[in-house]
Structure formats: structure tokens, C-alpha cells
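Presented below is the structure to which this report refers.
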Amino acid sequence: MYDNIRLDRSLYNITGKSFTQALTELDPDEGYKNTELSGLDAFERQLKRFDIKVSGLDSDRVEKFFVSSQSAVLFPEYIRRMVKKGLERVCLAETVCGAVSKTDGMDYRGFSLTSSGACPTGQGEEMAVTEMALQTNSREMVKFAELLTCTYEAFRKQRLEAFGIVLRELGATVGRALNSYICETLIHGADDYTVEGESITYADLAKFWSNMDTHEMDMMLCSPELMAQILALPEMKYCTGEGTASGRVSTPYGVTLIKCSQMPQGKLLGIDSSAAAELILGSDVVVDHDRLISKQIDQISCSVLAGMTKVMGDAVRVLSTSEE
């Protein structure tokens, strides 16, 4: 059972396994079906074991993790999960990438698809060909990292509910940096359409959408000032969706507008999210577990390794106002 497992820092050092995966092998989820613990994973069961409340009005203080040497082992995973929540809250990778892959290497080679020929094929004619080719050069994985300077004495009395805000914002900073990388990669080499003047009309938007003929544009990433312009158009009063509070609004013709502060000013990126790009992850969110467990803390670092490649170049378009 979960309350008889011996916790130590070696669970963080098993090659190819995360802390939670290693913990789950010792305490499989299957053993809790049809019990009150069935909705918890192995890490959450350990929080329950040591009676550590990480959220809510009665959340515990940070120092509750350090009541024993075993409960202290849970602290780095708590930090990692909070950081990851912040990253996932702002990161657009899952939204705009048709595939998310993992690799153990420090570099990667993407691939691209090109099509030629006509379909249907007439009798005696050669078939249309789609060629898949590896990119010529490999690319290094990019490290996205952020550092929080602090000491254990500075935050030991903080409620975990409030400390979680700090950690999620740490992750959000990494997520915004990853968004910038995604935007730069997709914009590079994409067909660019320029509209006359500094403002955009609904007709410009519709024409831009229709210019993607071999794919279906379903997402538009907008710089904040361009998003404001679009939402002010009379035609957008018919928009649907979650509303502007989410930063995402559906146009009357089904494309989702997404406000992205990392987009260059005056630019809009139109994509077919099912085919445009692949995100390659070299790591999950990583934190320095040894120093956290021992309370020798003067900083908290978090990082993630990632790379990205465009798969279908014609599944990406860029719209620019002429002020650029």
C-alpha cells in the first residue's frame, strides 16, 4: 500500500523514468480501483499519506513537506508539477502543432512533405507522388529555462496555495519563451501577404483565409493590437466561442483567433494546425531535486528542451499590415 513505501531521492535518478513513473511501479494505480483513492495518482497518494494539502483555504505551509526526510522527497515533484501547469497554461504547442514527439538526443532532423502530379490519374499516366524527405541539416535542441532566486527561510512559512502562484508564473515565463520560438519557426520562410494601410478589414481577413487552398486554415495567431483591430470589426459581432477572456475567439467562418503576445507587431499567422508543424521534446520540465530535498536552496531552476520543424510549408501563411 501507498503508506508503506520507502521514499528516497534515488527515485529521481532512474534512467528513462520520471519520479511519478518510478513511484507508480512501486504503487500501481490498478490497486486502487473502486476505492476512495481511485482518482489519485501515485504522487497524490503520497501527499495524502503525509497529510499535505497543496491547495484551498486550508492549504499547508511549504515547511510541511519537511516534517520528515521521506516527505521532503515529494517537494521537487510538487514544484515540477506547479511549474508545468504554468507552462501548459500559456504554451501554444499542443494547439498549433499537429504532432508532439519525444527524443533522447540533443539534436534532431525534421522532415518535410512535397506533392507533385495530378489526382485523379488518367489511364497510362504516372501517379501523383508525395515525397517525404529528411531535412538536410540536423538542428540542436533549444533549452528554455528560468531561475527563481530565493531561500528556504524566505518561503518556508508561505501557504502552498500562494507559493503555487509563484511556481506557475515561473512555468508561464518558460511557456512564453517557447511560444516565441514556435512563432519564429512558423513565420520563417512562410508566404507573406501584405494588406494596404495600417489596419485590417474583414475582407482582408476572409481573403487571407481563402488563400490557403491545399489545407484548411483553422487557427490564426494574432499580435495583441491586431487582435484588437479584428475584434472591433462590425462583422465580428457574430463571433462565437469562449469570448475574449480566454484570448480565443471563433470567427463566423470557423477559424479560431488566438491572441499571442509573442507574435511580431502587425502580423497574423494562419495555420492548419493538423499539418503545419511537429514539436520535439527533449525533456519534460526539469528541476534540481537534490538541493530542494536537502533545503540547501538559494534558487529554483526549471527548464525544458524542445525543437520544432515545419512539416507542410503550405499549411502556414503570414499576413502583415503595410506599417511593417
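So you can find residues: chains in the C-alpha cells are A, B, ... in the order shown, residues in each start at 1, and ligands are numbered from 1 in order.
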
For the strand (DSSP E) assignment from backbone DSSP, which residues of stretch 81-257 of chain A qualify? Please present them as a ChimeraX atom specification. /A:99-102,107-108,111-116,129-134,139-140,142-149,191-195,219-222,248-250,256-257

Any idea what's packed within 9 Å of A:Phe66, counting only C-alpha atoms, ignoring anything in its chain fewer than 6 positions away? Could you give it as a PyMOL selection string? chain A and resi 72-73+75+293+295

For the selection you just gave me, I'd like the residues written to a file as a compact mmCIF listing (two decimals), in the first residue's frame, keeping N, CA and C atoms.
# COMPACT_ATOMS: atom_id res chain seq x y z
N ALA A 72 10.02 15.07 2.47
CA ALA A 72 10.83 16.07 1.75
C ALA A 72 11.11 15.63 0.32
N VAL A 73 11.13 14.31 0.09
CA VAL A 73 11.38 13.79 -1.26
C VAL A 73 10.28 14.22 -2.23
N PHE A 75 8.87 17.18 -2.40
CA PHE A 75 8.89 18.61 -2.69
C PHE A 75 9.30 18.93 -4.13
N ILE A 293 15.51 18.93 -1.94
CA ILE A 293 15.25 17.95 -0.88
C ILE A 293 16.05 18.29 0.38
N LYS A 295 17.07 21.17 1.38
CA LYS A 295 16.79 22.54 1.86
C LYS A 295 17.95 23.50 1.65

Would you pick out the contacts of stretch 96-106 of chain A at 9 Å or less, using only C-alpha atoms, so that residues sharing its chain but fewer than 4 positions from it are not included, and give the list as a VMD selection string? chain A and resid 92 139 to 142 182 219 271 to 283 305 to 306 311

Selected residue of minimal separation from A:Cys302 among A:Glu77, A:Asp3, A:Asp288, A:Glu198, counting only C-alpha atoms: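 Selected residue with least distance to A:Cys302: A:Asp288.
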